Amino acid sequence: MVWKPSEKEEEYFARVEFERKKKVEEEKHRKLKEEDKKRLKELHYMRCPKCGMELIEIDCKGIKVDKCSECEGVWLDAGELEAISKFEKTGLDKLFSVFKK
Ligand SMILES: [Zn+2]
C-alpha cells in the first residue's frame, strides 16, 4: 500500500516550509536599511513580481485581486487567499471565470 499524506499533513508541511522561508526573508529585511525598503516599495508597488508591468485591481465578490496587464498573472494581498479558500467550489469557479478569456 502506498502511503499518501492526508490533506492536513500536506497543509502542515506547506506551512512549516512557508515559515522557514519567511524567517530567511525576515532576516534579509532586517539587514535592509529603511531607505532601501522605501525605495524598493516605491519601485515595485502595484507592479507584477514576474514581469514588472502594472497591476490592475479588480474587485471580485469583495475581494480585491491584482491582475497583471501584461502576463495576466493574478496576485493576492494578505488574507485574500484565505478568504477565497472559504468560497464554495462554485464560487471559486465563478471567481476564476473572470480571468478566463
Ligand atoms: Zn506580469
# chains A, B, ... in the order shown; residues from 1 in each chain; ligands from 1

$ select_by_dssp --residues "stretch 7-77 of chain A" --states "strand (DSSP E or B)" --output "ChimeraX atom specification"
/A:47,54-60,63-68,74-76

$ write_last_selection --atoms "N, CA and C atoms" --output "short mmCIF file (atom, residue, chain, number, x, y, z; two decimals), in the first residue's frame"
data_model
loop_
_atom_site.label_atom_id
_atom_site.label_comp_id
_atom_site.auth_asym_id
_atom_site.auth_seq_id
_atom_site.Cartn_x
_atom_site.Cartn_y
_atom_site.Cartn_z
N ARG A 47 3.27 46.60 -9.10
CA ARG A 47 3.96 46.09 -10.28
C ARG A 47 3.97 44.57 -10.19
N GLU A 54 2.44 46.92 -14.94
CA GLU A 54 1.48 47.41 -13.96
C GLU A 54 0.37 46.41 -13.65
N LEU A 55 -0.05 46.42 -12.40
CA LEU A 55 -1.15 45.56 -11.97
C LEU A 55 -2.44 46.34 -11.99
N ILE A 56 -3.51 45.68 -12.37
CA ILE A 56 -4.83 46.30 -12.37
C ILE A 56 -5.65 45.63 -11.27
N GLU A 57 -6.22 46.47 -10.40
CA GLU A 57 -7.00 45.92 -9.30
C GLU A 57 -8.43 45.64 -9.76
N ILE A 58 -8.87 44.41 -9.52
CA ILE A 58 -10.25 44.06 -9.85
C ILE A 58 -10.96 43.65 -8.56
N ASP A 59 -12.18 44.11 -8.41
CA ASP A 59 -12.96 43.76 -7.24
C ASP A 59 -13.82 42.56 -7.60
N CYS A 60 -13.60 41.47 -6.90
CA CYS A 60 -14.38 40.27 -7.19
C CYS A 60 -15.00 39.75 -5.91
N ILE A 63 -13.43 40.78 -2.81
CA ILE A 63 -12.00 40.50 -2.69
C ILE A 63 -11.28 41.26 -3.79
N LYS A 64 -10.30 42.05 -3.40
CA LYS A 64 -9.58 42.83 -4.39
C LYS A 64 -8.38 42.01 -4.87
N VAL A 65 -8.43 41.64 -6.14
CA VAL A 65 -7.31 40.89 -6.69
C VAL A 65 -6.57 41.78 -7.69
N ASP A 66 -5.27 41.61 -7.75
CA ASP A 66 -4.46 42.40 -8.67
C ASP A 66 -4.06 41.53 -9.85
N LYS A 67 -4.40 42.00 -11.03
CA LYS A 67 -4.10 41.23 -12.23
C LYS A 67 -3.10 41.99 -13.09
N CYS A 68 -2.10 41.27 -13.58
CA CYS A 68 -1.06 41.90 -14.39
C CYS A 68 -1.60 42.24 -15.77
N VAL A 74 -2.18 36.65 -11.55
CA VAL A 74 -3.10 37.19 -10.56
C VAL A 74 -2.45 37.14 -9.19
N TRP A 75 -2.46 38.25 -8.48
CA TRP A 75 -1.80 38.35 -7.18
C TRP A 75 -2.80 38.71 -6.09
N LEU A 76 -2.58 38.10 -4.95
CA LEU A 76 -3.50 38.32 -3.84
C LEU A 76 -2.79 39.02 -2.68
#

$ closest_atom_pairs --of "chain A" --to "ligand 1" --cutoff "7 Å" --atoms "only C-alpha atoms and all ligand atoms" --output "CSV"
residue,atom,partner,partner_atom_place_in_ligand_line,distance
A:Cys48,CA,ligand 1,1 (Zn),4.6
A:Pro49,CA,ligand 1,1 (Zn),6.7
A:Lys50,CA,ligand 1,1 (Zn),5.2
A:Cys51,CA,ligand 1,1 (Zn),4.2
A:Gly52,CA,ligand 1,1 (Zn),6.0
A:Met53,CA,ligand 1,1 (Zn),5.6
A:Cys68,CA,ligand 1,1 (Zn),4.7
A:Ser69,CA,ligand 1,1 (Zn),6.6
A:Glu70,CA,ligand 1,1 (Zn),5.0
A:Cys71,CA,ligand 1,1 (Zn),4.0
A:Glu72,CA,ligand 1,1 (Zn),5.9
A:Gly73,CA,ligand 1,1 (Zn),5.5

$ select_by_dssp --residues "stretch 11-88 of chain A" --states "helix (DSSP H, G or I)" --output "VMD selection string"
chain A and resid 11 to 31 34 to 44 80 to 85

$ residues_around --residues "stretch 82-88 of chain A" --least-positions-apart "2" --cutoff "12 Å" --atoms "only C-alpha atoms" --output "JSON list (two decimals) with N, CA and C atoms, in the first residue's frame"
[["chain", "number", "residue", "atom", "x", "y", "z"],
["A", 60, "CYS", "N", -13.60, 41.47, -6.90],
["A", 60, "CYS", "CA", -14.38, 40.27, -7.19],
["A", 60, "CYS", "C", -15.00, 39.75, -5.91],
["A", 61, "LYS", "N", -16.31, 39.90, -5.79],
["A", 61, "LYS", "CA", -17.04, 39.44, -4.60],
["A", 61, "LYS", "C", -16.41, 39.99, -3.33],
["A", 62, "GLY", "N", -16.04, 41.26, -3.37],
["A", 62, "GLY", "CA", -15.49, 41.91, -2.20],
["A", 62, "GLY", "C", -14.01, 41.63, -1.97],
["A", 63, "ILE", "N", -13.43, 40.78, -2.81],
["A", 63, "ILE", "CA", -12.00, 40.50, -2.69],
["A", 63, "ILE", "C", -11.28, 41.26, -3.79],
["A", 64, "LYS", "N", -10.30, 42.05, -3.40],
["A", 64, "LYS", "CA", -9.58, 42.83, -4.39],
["A", 64, "LYS", "C", -8.38, 42.01, -4.87],
["A", 65, "VAL", "N", -8.43, 41.64, -6.14],
["A", 65, "VAL", "CA", -7.31, 40.89, -6.69],
["A", 65, "VAL", "C", -6.57, 41.78, -7.69],
["A", 76, "LEU", "N", -2.58, 38.10, -4.95],
["A", 76, "LEU", "CA", -3.50, 38.32, -3.84],
["A", 76, "LEU", "C", -2.79, 39.02, -2.68],
["A", 77, "ASP", "N", -3.51, 39.91, -2.01],
["A", 77, "ASP", "CA", -2.96, 40.55, -0.83],
["A", 77, "ASP", "C", -3.16, 39.64, 0.38],
["A", 78, "ALA", "N", -2.55, 40.04, 1.50],
["A", 78, "ALA", "CA", -2.63, 39.24, 2.72],
["A", 78, "ALA", "C", -4.07, 38.94, 3.09],
["A", 79, "GLY", "N", -4.36, 37.70, 3.40],
["A", 79, "GLY", "CA", -5.68, 37.31, 3.86],
["A", 79, "GLY", "C", -6.65, 36.97, 2.74],
["A", 80, "GLU", "N", -6.30, 37.35, 1.50],
["A", 80, "GLU", "CA", -7.22, 37.13, 0.39],
["A", 80, "GLU", "C", -7.29, 35.66, -0.05],
["A", 90, "THR", "N", -18.30, 26.31, -6.41],
["A", 90, "THR", "CA", -18.99, 27.07, -7.45],
["A", 90, "THR", "C", -18.57, 28.53, -7.41],
["A", 91, "GLY", "N", -18.39, 29.04, -6.20],
["A", 91, "GLY", "CA", -17.94, 30.42, -6.02],
["A", 91, "GLY", "C", -16.57, 30.61, -6.62],
["A", 92, "LEU", "N", -15.70, 29.61, -6.39],
["A", 92, "LEU", "CA", -14.34, 29.66, -6.93],
["A", 92, "LEU", "C", -14.36, 29.65, -8.45],
["A", 93, "ASP", "N", -15.20, 28.77, -9.02],
["A", 93, "ASP", "CA", -15.30, 28.70, -10.48],
["A", 93, "ASP", "C", -15.73, 30.03, -11.05],
["A", 94, "LYS", "N", -16.71, 30.65, -10.36],
["A", 94, "LYS", "CA", -17.19, 31.95, -10.82],
["A", 94, "LYS", "C", -16.09, 32.99, -10.74],
["A", 95, "LEU", "N", -15.35, 32.94, -9.63],
["A", 95, "LEU", "CA", -14.27, 33.91, -9.43],
["A", 95, "LEU", "C", -13.23, 33.78, -10.53],
["A", 96, "PHE", "N", -12.81, 32.55, -10.80],
["A", 96, "PHE", "CA", -11.73, 32.37, -11.76],
["A", 96, "PHE", "C", -12.20, 32.50, -13.21]]

$ atom_distance --atom1 "atom CA of A:Phe18" --atom2 "atom CA of A:Phe99"
26.6 Å
